[in-house]
>>> print(open('target-v8.csv').read())   # CSV, C-alpha atoms and all ligand atoms
chain,number,residue,atom,x,y,z
I,571,MET,CA,15.7,36.4,51.1
I,572,GLU,CA,14.3,39.7,50.0
I,573,TYR,CA,10.9,40.0,48.3
I,574,ILE,CA,9.3,42.2,45.7
I,575,THR,CA,5.6,42.9,46.0
I,576,LEU,CA,4.0,43.1,42.6
I,577,ASN,CA,1.1,45.4,41.7
I,578,ASN,CA,-1.4,42.6,42.3
I,579,GLY,CA,-0.1,42.0,45.9
I,580,ALA,CA,1.9,38.8,45.0
I,581,ARG,CA,5.2,38.5,46.9
I,582,MET,CA,8.0,37.2,44.7
I,583,PRO,CA,11.5,36.2,46.0
I,584,ALA,CA,13.8,38.9,44.5
I,585,LEU,CA,16.5,36.4,43.6
I,586,GLY,CA,15.6,33.5,41.4
I,587,PHE,CA,17.5,30.8,39.5
I,588,GLY,CA,17.6,31.2,35.7
I,589,THR,CA,17.6,28.1,33.5
I,590,PHE,CA,18.4,29.4,30.0
I,591,GLY,CA,20.9,27.2,28.3
I,592,LEU,CA,20.5,24.3,30.7
I,593,ALA,CA,20.0,21.3,28.5
I,594,ALA,CA,17.3,18.7,29.0
I,595,ASP,CA,19.9,15.9,29.2
I,596,GLY,CA,19.9,15.8,32.9
I,597,THR,CA,21.7,19.1,33.3
I,598,ALA,CA,18.6,21.2,33.9
I,599,LYS,CA,17.3,18.8,36.5
I,600,ARG,CA,20.6,18.6,38.3
I,601,CYS,CA,21.0,22.4,38.4
I,602,VAL,CA,17.4,23.1,39.5
I,603,LEU,CA,17.8,20.5,42.2
I,604,ALA,CA,21.0,22.1,43.3
I,605,ALA,CA,19.3,25.5,43.4
I,606,LEU,CA,16.3,24.3,45.4
I,607,ARG,CA,18.7,22.5,47.8
I,608,ALA,CA,20.8,25.6,48.2
I,609,GLY,CA,17.6,27.5,49.2
I,610,TYR,CA,16.3,29.2,46.0
I,611,ARG,CA,12.5,29.4,45.9
I,612,HIS,CA,12.1,31.1,42.5
I,613,ILE,CA,12.8,29.3,39.3
I,614,ASP,CA,12.7,31.0,35.8
I,615,THR,CA,12.2,28.8,32.7
I,616,ALA,CA,10.6,29.3,29.3
I,617,HIS,CA,9.0,27.1,26.7
I,618,ALA,CA,11.9,28.1,24.4
I,619,TYR,CA,14.5,26.8,26.9
I,620,LEU,CA,13.2,23.3,26.1
I,621,ASN,CA,13.7,22.1,29.7
I,622,GLU,CA,10.4,22.6,31.4
I,623,ARG,CA,9.9,18.9,31.9
I,624,GLU,CA,13.2,18.6,33.8
I,625,VAL,CA,12.4,21.7,35.8
I,626,GLY,CA,9.2,20.0,36.9
I,627,GLU,CA,11.0,16.8,37.7
I,628,ALA,CA,13.5,18.7,39.9
I,629,ILE,CA,10.7,20.4,41.8
I,630,ARG,CA,9.0,17.1,42.6
I,631,GLU,CA,12.3,15.4,43.5
I,632,SER,CA,13.4,18.3,45.7
I,633,GLY,CA,10.6,17.6,48.2
I,634,VAL,CA,10.0,21.4,48.5
I,635,ARG,CA,6.3,22.1,48.5
I,636,ARG,CA,5.0,23.5,45.3
I,637,GLU,CA,3.4,26.5,47.1
I,638,ASP,CA,6.8,27.4,48.6
I,639,ILE,CA,8.3,27.9,45.1
I,640,TRP,CA,7.8,30.8,42.7
I,641,LEU,CA,7.6,29.2,39.3
I,642,THR,CA,7.9,31.3,36.1
I,643,THR,CA,7.7,30.4,32.5
I,644,LYS,CA,7.3,32.2,29.2
I,645,ILE,CA,5.3,31.5,26.1
I,646,TRP,CA,6.6,32.1,22.6
I,647,PRO,CA,5.2,34.5,20.0
I,648,THR,CA,4.0,31.7,17.7
I,649,GLU,CA,1.7,30.6,20.7
I,650,TYR,CA,0.0,34.0,21.2
I,651,ASP,CA,-3.0,33.2,19.0
I,652,ASP,CA,-4.2,30.8,21.7
I,653,ALA,CA,-2.1,31.7,24.7
I,654,GLU,CA,-4.3,30.0,27.2
I,655,ALA,CA,-3.8,26.7,25.4
I,656,ALA,CA,0.0,27.4,25.5
I,657,VAL,CA,-0.4,27.9,29.3
I,658,ASP,CA,-2.2,24.5,29.5
I,659,ARG,CA,0.7,22.8,27.7
I,660,ALA,CA,3.2,24.5,30.0
I,661,LEU,CA,1.3,23.2,33.0
I,662,GLU,CA,1.4,19.7,31.5
I,663,ARG,CA,5.1,19.9,30.7
I,664,LEU,CA,6.0,21.2,34.2
I,665,GLY,CA,3.6,18.9,35.9
I,666,VAL,CA,2.1,21.6,38.1
I,667,GLN,CA,-1.5,22.9,38.7
I,668,TYR,CA,-0.7,26.6,38.4
I,669,LEU,CA,2.1,29.0,37.5
I,670,ASP,CA,3.2,31.9,39.6
I,671,LEU,CA,4.2,34.0,36.6
I,672,VAL,CA,3.9,33.7,32.8
I,673,TYR,CA,5.6,36.2,30.5
I,674,LEU,CA,5.0,37.0,26.8
I,675,HIS,CA,8.6,36.2,25.8
I,676,HIS,CA,9.0,38.7,22.9
I,677,TYR,CA,7.1,41.7,21.4
I,678,LEU,CA,6.4,39.8,18.1
I,679,GLY,CA,3.3,38.1,16.7
I,680,ASP,CA,-0.2,39.0,18.1
I,681,VAL,CA,0.8,40.4,21.5
I,682,LYS,CA,-2.7,41.7,22.2
I,683,ALA,CA,-4.2,38.2,21.6
I,684,GLY,CA,-1.4,36.7,23.7
I,685,TRP,CA,-2.2,39.0,26.6
I,686,LYS,CA,-5.9,38.3,26.4
I,687,GLY,CA,-5.1,34.6,26.6
I,688,LEU,CA,-3.0,35.2,29.7
I,689,GLU,CA,-5.7,37.3,31.2
I,690,SER,CA,-8.1,34.4,30.7
I,691,ALA,CA,-5.6,32.0,32.2
I,692,VAL,CA,-5.5,34.3,35.3
I,693,ARG,CA,-9.3,34.3,35.5
I,694,HIS,CA,-9.3,30.5,35.4
I,695,GLY,CA,-6.8,30.1,38.2
I,696,LYS,CA,-4.0,28.7,36.0
I,697,VAL,CA,-1.6,31.6,36.4
I,698,ARG,CA,-1.3,34.1,39.3
I,699,SER,CA,0.8,36.9,37.7
I,700,ILE,CA,1.5,37.9,34.1
I,701,GLY,CA,4.3,39.9,32.6
I,702,ILE,CA,6.1,41.1,29.5
I,703,SER,CA,9.6,40.3,28.4
I,704,ASN,CA,11.9,42.2,25.9
I,705,PHE,CA,9.1,44.6,25.0
I,706,GLU,CA,11.6,47.6,25.1
I,707,ARG,CA,13.1,46.1,21.9
I,708,SER,CA,10.1,47.4,20.0
I,709,ASP,CA,9.6,51.1,19.2
I,710,ASP,CA,5.9,50.9,19.5
I,711,TYR,CA,5.6,48.8,22.7
I,712,LYS,CA,3.6,51.6,24.4
I,713,SER,CA,0.5,51.0,22.3
I,714,PHE,CA,0.3,47.5,24.0
I,715,PHE,CA,-0.8,49.1,27.3
I,716,GLU,CA,-4.0,50.5,25.8
I,717,GLY,CA,-7.2,48.8,26.9
I,718,LEU,CA,-5.7,46.0,29.1
I,719,GLU,CA,-7.9,44.3,31.6
I,720,ILE,CA,-4.8,43.4,33.7
I,721,THR,CA,-1.7,45.6,33.8
I,722,PRO,CA,1.5,43.6,33.6
I,723,ALA,CA,2.9,42.8,37.0
I,724,ILE,CA,6.5,42.7,35.9
I,725,ALA,CA,8.8,43.2,32.9
I,726,GLN,CA,11.9,41.1,32.3
I,727,MET,CA,14.7,42.7,30.2
I,728,GLU,CA,18.4,42.5,29.5
I,729,ARG,CA,19.9,44.6,32.3
I,730,HIS,CA,23.3,44.5,34.0
I,731,ILE,CA,26.1,46.8,35.2
I,732,ASP,CA,27.1,47.6,31.6
I,733,PHE,CA,23.6,48.2,30.3
I,734,THR,CA,20.7,50.0,32.0
I,735,PRO,CA,17.6,50.8,29.8
I,736,ASP,CA,16.8,53.8,31.9
I,737,ALA,CA,13.9,55.4,29.8
I,738,TYR,CA,12.1,52.1,29.7
I,739,VAL,CA,12.5,51.5,33.4
I,740,GLU,CA,11.1,55.0,34.2
I,741,ASP,CA,8.1,54.3,31.9
I,742,LEU,CA,7.5,51.0,33.7
I,743,LYS,CA,7.7,52.6,37.1
I,744,SER,CA,5.1,55.2,36.1
I,745,ARG,CA,2.8,52.3,35.2
I,746,GLY,CA,3.4,50.5,38.5
I,747,ILE,CA,5.2,47.6,36.8
I,748,SER,CA,8.1,45.8,38.6
I,749,ARG,CA,11.4,45.1,36.8
I,750,GLU,CA,13.5,41.9,36.5
I,751,ALA,CA,17.0,41.5,35.0
I,752,TRP,CA,18.2,38.9,32.6
I,753,PHE,CA,21.9,38.5,32.0
I,754,PRO,CA,22.4,39.9,35.5
I,755,LEU,CA,26.0,38.7,35.4
I,756,GLY,CA,26.6,39.7,31.9
I,757,GLY,CA,25.3,36.5,30.3
I,758,THR,CA,26.7,33.2,29.4
I,759,VAL,CA,28.3,34.6,26.2
I,760,SER,CA,30.4,37.3,27.8
I,761,GLN,CA,33.1,35.0,29.2
I,762,LYS,CA,32.4,36.3,32.8
I,763,ALA,CA,33.9,39.7,31.8
I,764,GLN,CA,31.6,41.7,34.1
I,765,LEU,CA,32.6,39.7,37.2
I,766,ASN,CA,36.2,40.8,36.7
I,767,LEU,CA,35.8,44.5,35.9
I,768,PRO,CA,38.1,46.6,38.1
I,769,GLU,CA,35.2,48.5,39.6
I,770,VAL,CA,33.4,45.2,40.5
I,771,LEU,CA,36.6,43.7,42.0
I,772,ALA,CA,37.3,46.8,44.0
I,773,VAL,CA,33.8,46.7,45.6
I,774,ALA,CA,34.0,42.9,46.1
I,775,LYS,CA,37.3,43.2,47.9
I,776,LYS,CA,36.0,45.8,50.2
I,777,HIS,CA,33.1,43.6,51.3
I,778,GLY,CA,35.0,40.2,51.2
I,779,LYS,CA,32.6,39.0,48.5
I,780,ALA,CA,32.9,37.6,45.0
I,781,GLY,CA,32.3,39.7,41.9
I,782,ALA,CA,29.1,37.8,41.1
I,783,GLN,CA,27.7,38.6,44.5
I,784,VAL,CA,28.4,42.3,44.1
I,785,LEU,CA,26.6,42.3,40.7
I,786,LEU,CA,23.5,40.6,42.1
I,787,ARG,CA,23.4,42.9,45.2
I,788,TRP,CA,23.6,45.8,42.8
I,789,GLN,CA,20.5,44.5,40.9
I,790,LEU,CA,18.5,44.2,44.1
I,791,GLN,CA,19.6,47.6,45.5
I,792,THR,CA,18.8,49.4,42.2
I,793,GLY,CA,15.2,48.2,42.2
I,794,PHE,CA,15.4,44.9,40.2
I,795,SER,CA,14.8,41.3,40.8
I,796,ALA,CA,17.3,39.0,39.1
I,797,VAL,CA,17.5,35.4,37.8
I,798,PRO,CA,21.2,34.5,37.5
I,799,GLY,CA,22.0,31.2,35.8
I,800,SER,CA,24.8,28.7,36.4
I,801,ALA,CA,25.6,25.1,35.8
I,802,ASN,CA,28.1,25.0,38.7
I,803,PRO,CA,26.7,24.1,42.2
I,804,GLU,CA,29.3,26.3,43.9
I,805,HIS,CA,28.3,29.3,41.9
I,806,ILE,CA,24.6,28.5,42.4
I,807,ALA,CA,25.1,28.6,46.2
I,808,GLU,CA,27.4,31.6,46.0
I,809,ASN,CA,24.9,33.7,44.1
I,810,LEU,CA,22.3,33.2,46.8
I,811,ASN,CA,24.6,34.3,49.5
I,812,ILE,CA,24.1,38.0,49.1
I,813,PHE,CA,21.8,38.9,52.0
I,814,ASP,CA,24.5,39.6,54.6
I,815,PHE,CA,26.0,42.8,53.1
I,816,ALA,CA,24.9,46.0,51.4
I,817,LEU,CA,26.4,48.3,48.9
I,818,ASP,CA,26.8,51.9,50.1
I,819,ALA,CA,26.6,55.1,48.1
I,820,GLU,CA,30.3,55.1,47.4
I,821,ASP,CA,30.1,51.5,46.0
I,822,LEU,CA,27.1,52.4,43.8
I,823,ALA,CA,29.1,55.4,42.4
I,824,THR,CA,32.1,53.2,41.7
I,825,LEU,CA,29.9,50.6,39.9
I,826,ALA,CA,28.2,53.3,37.9
I,827,ASN,CA,31.6,54.0,36.3
I,828,ALA,CA,31.5,50.5,34.7
I,829,ASN,CA,28.4,51.3,32.6
I,830,SER,CA,29.1,51.9,29.0
I,831,ASN,CA,25.5,51.3,28.2
I,832,LYS,CA,26.1,48.5,25.7
I,833,ARG,CA,23.9,45.4,25.4
I,834,VAL,CA,25.6,42.0,25.5
I,835,PHE,CA,22.8,40.7,23.2
I,836,ASP,CA,23.0,43.5,20.6
I,837,VAL,CA,20.8,42.1,17.8
I,838,PRO,CA,17.9,44.4,16.7
I,839,LEU,CA,14.5,42.8,17.0
I,840,SER,CA,14.0,43.1,13.2
I,841,ALA,CA,17.0,40.8,12.8
I,842,GLN,CA,15.7,38.3,15.3
I,843,THR,CA,12.2,38.1,13.8
I,844,ASP,CA,12.7,35.2,11.4
I,845,MET,CA,14.6,33.2,14.0
I,846,ILE,CA,11.9,33.7,16.6
I,847,MET,CA,8.9,33.1,14.3
I,848,GLY,CA,10.6,30.1,12.8
I,849,PHE,CA,11.7,28.5,16.1
I,850,LYS,CA,10.9,24.8,16.2
I,851,PHE,CA,9.7,23.2,19.4
I,852,ASN,CA,9.9,19.5,20.1
I,853,ASP,CA,6.7,19.5,22.1
I,901,LIG,N1,13.6,36.9,28.7
I,901,LIG,C1,14.6,36.6,27.9
I,901,LIG,O1,14.6,36.7,26.7
I,901,LIG,C2,15.9,36.0,28.6
I,901,LIG,C3,17.0,36.0,27.8
I,901,LIG,C4,18.2,35.5,28.5
I,901,LIG,C5,18.1,35.1,29.8
I,901,LIG,N2,17.0,35.1,30.5
I,901,LIG,C6,16.9,34.6,31.8
I,901,LIG,O2,17.9,35.1,32.6
I,901,LIG,C7,18.7,34.1,33.2
I,901,LIG,C8,20.1,34.5,33.4
I,901,LIG,O3,20.8,34.6,32.1
I,901,LIG,P1,22.1,33.8,31.8
I,901,LIG,O4,22.1,32.6,32.6
I,901,LIG,O5,22.2,33.6,30.3
I,901,LIG,O6,23.2,34.8,32.2
I,901,LIG,P2,23.8,35.3,33.6
I,901,LIG,O7,23.1,34.8,34.8
I,901,LIG,O8,24.1,36.8,33.5
I,901,LIG,O9,25.3,34.6,33.5
I,901,LIG,C9,25.5,33.3,33.5
I,901,LIG,C10,27.0,33.0,33.4
I,901,LIG,O10,27.6,33.5,34.6
I,901,LIG,C11,28.4,32.4,35.1
I,901,LIG,N3,28.3,32.5,36.6
I,901,LIG,C12,27.1,32.4,37.3
I,901,LIG,N4,27.4,32.5,38.6
I,901,LIG,C13,28.7,32.7,38.7
I,901,LIG,C14,29.6,32.9,39.8
I,901,LIG,N5,29.2,32.9,41.1
I,901,LIG,N6,30.9,33.0,39.5
I,901,LIG,C15,31.4,32.9,38.3
I,901,LIG,N7,30.6,32.8,37.2
I,901,LIG,C16,29.3,32.6,37.4
I,901,LIG,C17,27.8,31.1,34.6
I,901,LIG,O11,28.8,30.2,34.4
I,901,LIG,P3,28.9,28.8,35.3
I,901,LIG,O12,27.9,27.9,34.7
I,901,LIG,O13,30.3,28.4,35.2
I,901,LIG,O14,28.5,29.2,36.7
I,901,LIG,C18,27.3,31.6,33.2
I,901,LIG,O15,28.4,31.6,32.2
I,901,LIG,C19,18.5,32.9,32.2
I,901,LIG,O16,18.9,31.7,32.8
I,901,LIG,C20,17.1,33.0,31.9
I,901,LIG,O17,16.3,32.5,33.0
I,901,LIG,C21,15.8,35.6,29.9
>>> encode(input="target-v8.csv", output="structure tokens")
Amino acid sequence: MEYITLNNGARMPALGFGTFGLAADGTAKRCVLAALRAGYRHIDTAHAYLNEREVGEAIRESGVRREDIWLTTKIWPTEYDDAEAAVDRALERLGVQYLDLVYLHHYLGDVKAGWKGLESAVRHGKVRSIGISNFERSDDYKSFFEGLEITPAIAQMERHIDFTPDAYVEDLKSRGISREAWFPLGGTVSQKAQLNLPEVLAVAKKHGKAGAQVLLRWQLQTGFSAVPGSANPEHIAENLNIFDFALDAEDLATLANANSNKRVFDVPLSAQTDMIMGFKFND
């Protein structure tokens, strides 16, 4: 495993397991268990994935010690008015005493109040690191950084071989904020198109690796942690097996040719607002 050291000194496994879309009908538990048994020690969930209880069950059933797992969740904009209470509820759903990382999931609602609540949760030992997710979707996200007690440790964003939000990434770097990719394989909706791009297949063939492994290696070597998702135990194991090869400059140049800078999730924030603010939780 490789690690990323965040601006607060926390050491996070650079490759995690993403749980978006894994239903709480036994699927999420089965997949998180498969991930922990395969050797993942970083799990990424969110209140809005509606599977935190199963993630917690899988952690307990795995027998892996809580302190050996990096556990991330995200709170929703409608929870920002009392974000510390939202953290308390996440702790209860997950059945854990603390969270390694909590993100504000979107730049909507009262983000300043949300952040203050997360800062308070850090002070009270409930959360160790706090971060921001999808903030680049707002034109005025920079005003968020004024007057913070704690600088975000990390920012999660859509980022893959076909879309690199470069200006945002440079801004984050200048503020000392680490970067994490969602949709590192192009997302569940893209029919695995990115795994089979000619540039990816050429590099994969050269290294005797699968396309998904090349895409994840690319994330790590270009300064990102990543949280690929899968419901297939073979894919879950394959995605972790990326620490025995490295991309060279020629590979990186080849892969850069695949970038048409197009989001997979190409819906403007303004068009997502009603859906996000009206999202119904079952607990
Ligand atoms: N902050 C946010 O707003 C946000 C938004 C979206 C996602 N996320 C996070 O990012 C994580 C990753 O996103 P994602 O799961 O949607 O997309 P992803 O990891 O880019 O892609 C998942 C897709 O790739 C396939 N796949 C995975 N490994 C494979 C392999 N080795 N070979 C072939 N196909 C493979 C999966 O199918 P199989 O099931 O068949 O393997 C699935 O269809 C999420 O789980 C979540 O934790 C965050």
>>> axis_aligned_box(input="target-v8.csv", around="ligand LIG 901 (chain I)", padding_each_side="8 Å", output="JSON")
{"center_x": 22.5, "center_y": 32.4, "center_z": 33.9, "size_x": 33.8, "size_y": 25.0, "size_z": 30.4}
>>> closest_atom_pairs(input="target-v8.csv", of="chain I", to="ligand LIG 901 (chain I)", cutoff="8 Å", atoms="only C-alpha atoms and all ligand atoms", output="tab-separated table")
residue	atom	partner	partner_atom	distance
I:Phe587	CA	I:LIG901	O17	6.8
I:Gly588	CA	I:LIG901	O16	3.2
I:Thr589	CA	I:LIG901	O16	3.9
I:Phe590	CA	I:LIG901	O16	3.7
I:Gly591	CA	I:LIG901	O16	6.7
I:Leu592	CA	I:LIG901	O16	7.9
I:Ile613	CA	I:LIG901	O17	7.9
I:Asp614	CA	I:LIG901	O17	4.8
I:Thr615	CA	I:LIG901	O17	5.5
I:Ala616	CA	I:LIG901	O17	7.5
I:Lys644	CA	I:LIG901	N1	7.9
I:His675	CA	I:LIG901	N1	5.8
I:His676	CA	I:LIG901	O1	7.1
I:Ser703	CA	I:LIG901	N1	5.3
I:Asn704	CA	I:LIG901	O1	6.2
I:Gln726	CA	I:LIG901	N1	5.8
I:Met727	CA	I:LIG901	N1	6.1
I:Glu728	CA	I:LIG901	C3	6.9
I:His730	CA	I:LIG901	O8	7.8
I:Ala751	CA	I:LIG901	O2	6.9
I:Trp752	CA	I:LIG901	O2	3.8
I:Phe753	CA	I:LIG901	O8	3.2
I:Pro754	CA	I:LIG901	O8	4.1
I:Leu755	CA	I:LIG901	O8	3.3
I:Gly756	CA	I:LIG901	O8	4.1
I:Gly757	CA	I:LIG901	O6	3.3
I:Thr758	CA	I:LIG901	O15	3.6
I:Val759	CA	I:LIG901	O15	6.7
I:Ser760	CA	I:LIG901	O15	7.5
I:Gln761	CA	I:LIG901	O15	6.5
I:Lys762	CA	I:LIG901	O10	5.8
I:Leu765	CA	I:LIG901	C15	7.0
I:Ala780	CA	I:LIG901	N5	7.1
I:Gly781	CA	I:LIG901	N6	7.3
I:Ala782	CA	I:LIG901	N5	4.9
I:Gln783	CA	I:LIG901	N5	6.8
I:Ala796	CA	I:LIG901	O2	7.6
I:Val797	CA	I:LIG901	C7	4.9
I:Pro798	CA	I:LIG901	O7	3.3
I:Gly799	CA	I:LIG901	O4	3.5
I:Ser800	CA	I:LIG901	O12	3.6
I:Ala801	CA	I:LIG901	O12	3.8
I:Asn802	CA	I:LIG901	O14	4.7
I:Pro803	CA	I:LIG901	O14	7.7
I:Glu804	CA	I:LIG901	N5	7.2
I:His805	CA	I:LIG901	N5	3.8
I:Ile806	CA	I:LIG901	N4	6.2
I:Ala807	CA	I:LIG901	N5	7.8
I:Glu808	CA	I:LIG901	N5	5.4
I:Asn809	CA	I:LIG901	N5	5.3
>>> atom_distance(input="target-v8.csv", atom1="CA of Tyr619 (chain I)", atom2="CA of Phe794 (chain I)")
22.5 Å
>>> closest_residue(input="target-v8.csv", among="I:Ala605, I:Leu661, I:Leu742, I:Ala772", to="Phe715 (chain I)", atoms="all atoms listed in the file")
I:Leu742
>>> closest_atom_pairs(input="target-v8.csv", of="region 660-685 of chain I", to="region 837-845 of chain I", cutoff="12 Å", atoms="only C-alpha atoms", output="CSV")
residue,atom,partner,partner_atom,distance
I:His676,CA,I:Leu839,CA,9.0
I:Tyr677,CA,I:Leu839,CA,8.7
I:Leu678,CA,I:Thr843,CA,7.4
I:Gly679,CA,I:Thr843,CA,9.4
>>> atom_distance(input="target-v8.csv", atom1="CA of Val773 (chain I)", atom2="CA of Phe835 (chain I)")
25.7 Å
>>> atom_distance(input="target-v8.csv", atom1="CA of Tyr738 (chain I)", atom2="CA of Ala725 (chain I)")
10.0 Å
>>> closest_residue(input="target-v8.csv", among="I:Gly848, I:Arg749, I:Val784, I:Ala723", to="Gly579 (chain I)", atoms="only C-alpha atoms")
I:Ala723
>>> residues_around(input="target-v8.csv", residues="Arg635 (chain I)", least_positions_apart="5", cutoff="12 Å", atoms="all atoms listed in the file", output="PyMOL selection string")
chain I and resi 606+611+628-630+640-641+666
>>> closest_residue(input="target-v8.csv", among="I:Phe714, I:Trp788, I:Ala691, I:Lys832", to="Ala816 (chain I)", atoms="only C-alpha atoms")
I:Trp788
>>> closest_residue(input="target-v8.csv", among="I:Gly626, I:Gly684, I:Pro647, I:Gly746", to="Leu669 (chain I)", atoms="only C-alpha atoms")
I:Gly626
>>> residues_around(input="target-v8.csv", residues="Leu771 (chain I)", least_positions_apart="4", cutoff="12 Å", atoms="only C-alpha atoms", output="ChimeraX atom specification")
/I:763-767,775-785,821,824-825,828
>>> closest_residue(input="target-v8.csv", among="I:Ala608, I:Leu620, I:Ala655, I:Val739", to="Asn852 (chain I)", atoms="only C-alpha atoms")
I:Leu620
>>> closest_residue(input="target-v8.csv", among="I:Asp818, I:Asp741, I:Glu622, I:Asp658", to="Gln791 (chain I)", atoms="only C-alpha atoms")
I:Asp818
>>> residues_near_point(input="target-v8.csv", point="(9.3, 42.1, 42.7)", cutoff="10 Å", atoms="only C-alpha atoms", output="list in words")
Glu572, Tyr573, Ile574, Thr575, Leu576, Asn577, Gly579, Ala580, Arg581, Met582, Pro583, Ala584, Leu585, Ala723, Ile724, Ala725, Ile747, Ser748, Arg749, Glu750, Leu790, Gly793, Phe794, Ser795 and Ala796 of chain I
>>> residues_around(input="target-v8.csv", residues="Leu671 (chain I)", least_positions_apart="2", cutoff="8 Å", atoms="only C-alpha atoms", output="list in words")
Trp640, Leu641, Thr642, Thr643, Leu669, Tyr673, Val697, Arg698, Ser699, Ile700 and Gly701 of chain I
>>> residues_around(input="target-v8.csv", residues="Trp646 (chain I)", least_positions_apart="5", cutoff="7 Å", atoms="only C-alpha atoms", output="ChimeraX atom specification")
/I:617-618,674-675
>>> build_atoms(input="target-v8.csv", residues="region 683-700 of chain I", atoms="N, CA and C atoms", output="PDB file, in the coordinates of the input")
ATOM      1  N   ALA I 683      -3.501  39.530  21.406  1.00  0.00           N
ATOM      2  CA  ALA I 683      -4.200  38.200  21.600  1.00  0.00           C
ATOM      3  C   ALA I 683      -3.499  37.424  22.668  1.00  0.00           C
ATOM      4  N   GLY I 684      -2.175  37.460  22.658  1.00  0.00           N
ATOM      5  CA  GLY I 684      -1.400  36.700  23.700  1.00  0.00           C
ATOM      6  C   GLY I 684      -1.774  37.184  25.065  1.00  0.00           C
ATOM      7  N   TRP I 685      -1.879  38.501  25.224  1.00  0.00           N
ATOM      8  CA  TRP I 685      -2.200  39.000  26.600  1.00  0.00           C
ATOM      9  C   TRP I 685      -3.612  38.635  26.977  1.00  0.00           C
ATOM     10  N   LYS I 686      -4.564  38.718  26.045  1.00  0.00           N
ATOM     11  CA  LYS I 686      -5.900  38.300  26.400  1.00  0.00           C
ATOM     12  C   LYS I 686      -5.978  36.860  26.847  1.00  0.00           C
ATOM     13  N   GLY I 687      -5.192  36.024  26.192  1.00  0.00           N
ATOM     14  CA  GLY I 687      -5.100  34.600  26.600  1.00  0.00           C
ATOM     15  C   GLY I 687      -4.565  34.462  27.996  1.00  0.00           C
ATOM     16  N   LEU I 688      -3.550  35.263  28.307  1.00  0.00           N
ATOM     17  CA  LEU I 688      -3.000  35.200  29.700  1.00  0.00           C
ATOM     18  C   LEU I 688      -3.978  35.727  30.695  1.00  0.00           C
ATOM     19  N   GLU I 689      -4.695  36.798  30.331  1.00  0.00           N
ATOM     20  CA  GLU I 689      -5.700  37.300  31.200  1.00  0.00           C
ATOM     21  C   GLU I 689      -6.759  36.229  31.534  1.00  0.00           C
ATOM     22  N   SER I 690      -7.131  35.500  30.508  1.00  0.00           N
ATOM     23  CA  SER I 690      -8.100  34.400  30.700  1.00  0.00           C
ATOM     24  C   SER I 690      -7.534  33.327  31.594  1.00  0.00           C
ATOM     25  N   ALA I 691      -6.247  33.018  31.402  1.00  0.00           N
ATOM     26  CA  ALA I 691      -5.600  32.000  32.200  1.00  0.00           C
ATOM     27  C   ALA I 691      -5.583  32.430  33.712  1.00  0.00           C
ATOM     28  N   VAL I 692      -5.437  33.737  33.943  1.00  0.00           N
ATOM     29  CA  VAL I 692      -5.500  34.300  35.300  1.00  0.00           C
ATOM     30  C   VAL I 692      -6.921  34.054  35.876  1.00  0.00           C
ATOM     31  N   ARG I 693      -7.903  34.432  35.073  1.00  0.00           N
ATOM     32  CA  ARG I 693      -9.300  34.300  35.500  1.00  0.00           C
ATOM     33  C   ARG I 693      -9.630  32.842  35.862  1.00  0.00           C
ATOM     34  N   HIS I 694      -9.017  31.918  35.144  1.00  0.00           N
ATOM     35  CA  HIS I 694      -9.300  30.500  35.400  1.00  0.00           C
ATOM     36  C   HIS I 694      -8.384  29.844  36.395  1.00  0.00           C
ATOM     37  N   GLY I 695      -7.576  30.660  37.084  1.00  0.00           N
ATOM     38  CA  GLY I 695      -6.800  30.100  38.200  1.00  0.00           C
ATOM     39  C   GLY I 695      -5.543  29.354  37.758  1.00  0.00           C
ATOM     40  N   LYS I 696      -5.163  29.454  36.484  1.00  0.00           N
ATOM     41  CA  LYS I 696      -4.000  28.700  36.000  1.00  0.00           C
ATOM     42  C   LYS I 696      -2.695  29.459  36.230  1.00  0.00           C
ATOM     43  N   VAL I 697      -2.813  30.773  36.305  1.00  0.00           N
ATOM     44  CA  VAL I 697      -1.600  31.600  36.400  1.00  0.00           C
ATOM     45  C   VAL I 697      -1.991  32.741  37.438  1.00  0.00           C
ATOM     46  N   ARG I 698      -1.001  33.121  38.265  1.00  0.00           N
ATOM     47  CA  ARG I 698      -1.300  34.100  39.300  1.00  0.00           C
ATOM     48  C   ARG I 698      -0.847  35.544  38.876  1.00  0.00           C
ATOM     49  N   SER I 699       0.285  35.640  38.176  1.00  0.00           N
ATOM     50  CA  SER I 699       0.800  36.900  37.700  1.00  0.00           C
ATOM     51  C   SER I 699       1.197  36.818  36.262  1.00  0.00           C
ATOM     52  N   ILE I 700       1.064  37.904  35.513  1.00  0.00           N
ATOM     53  CA  ILE I 700       1.500  37.900  34.100  1.00  0.00           C
ATOM     54  C   ILE I 700       2.353  39.074  33.794  1.00  0.00           C
TER      55      ILE I 700
END
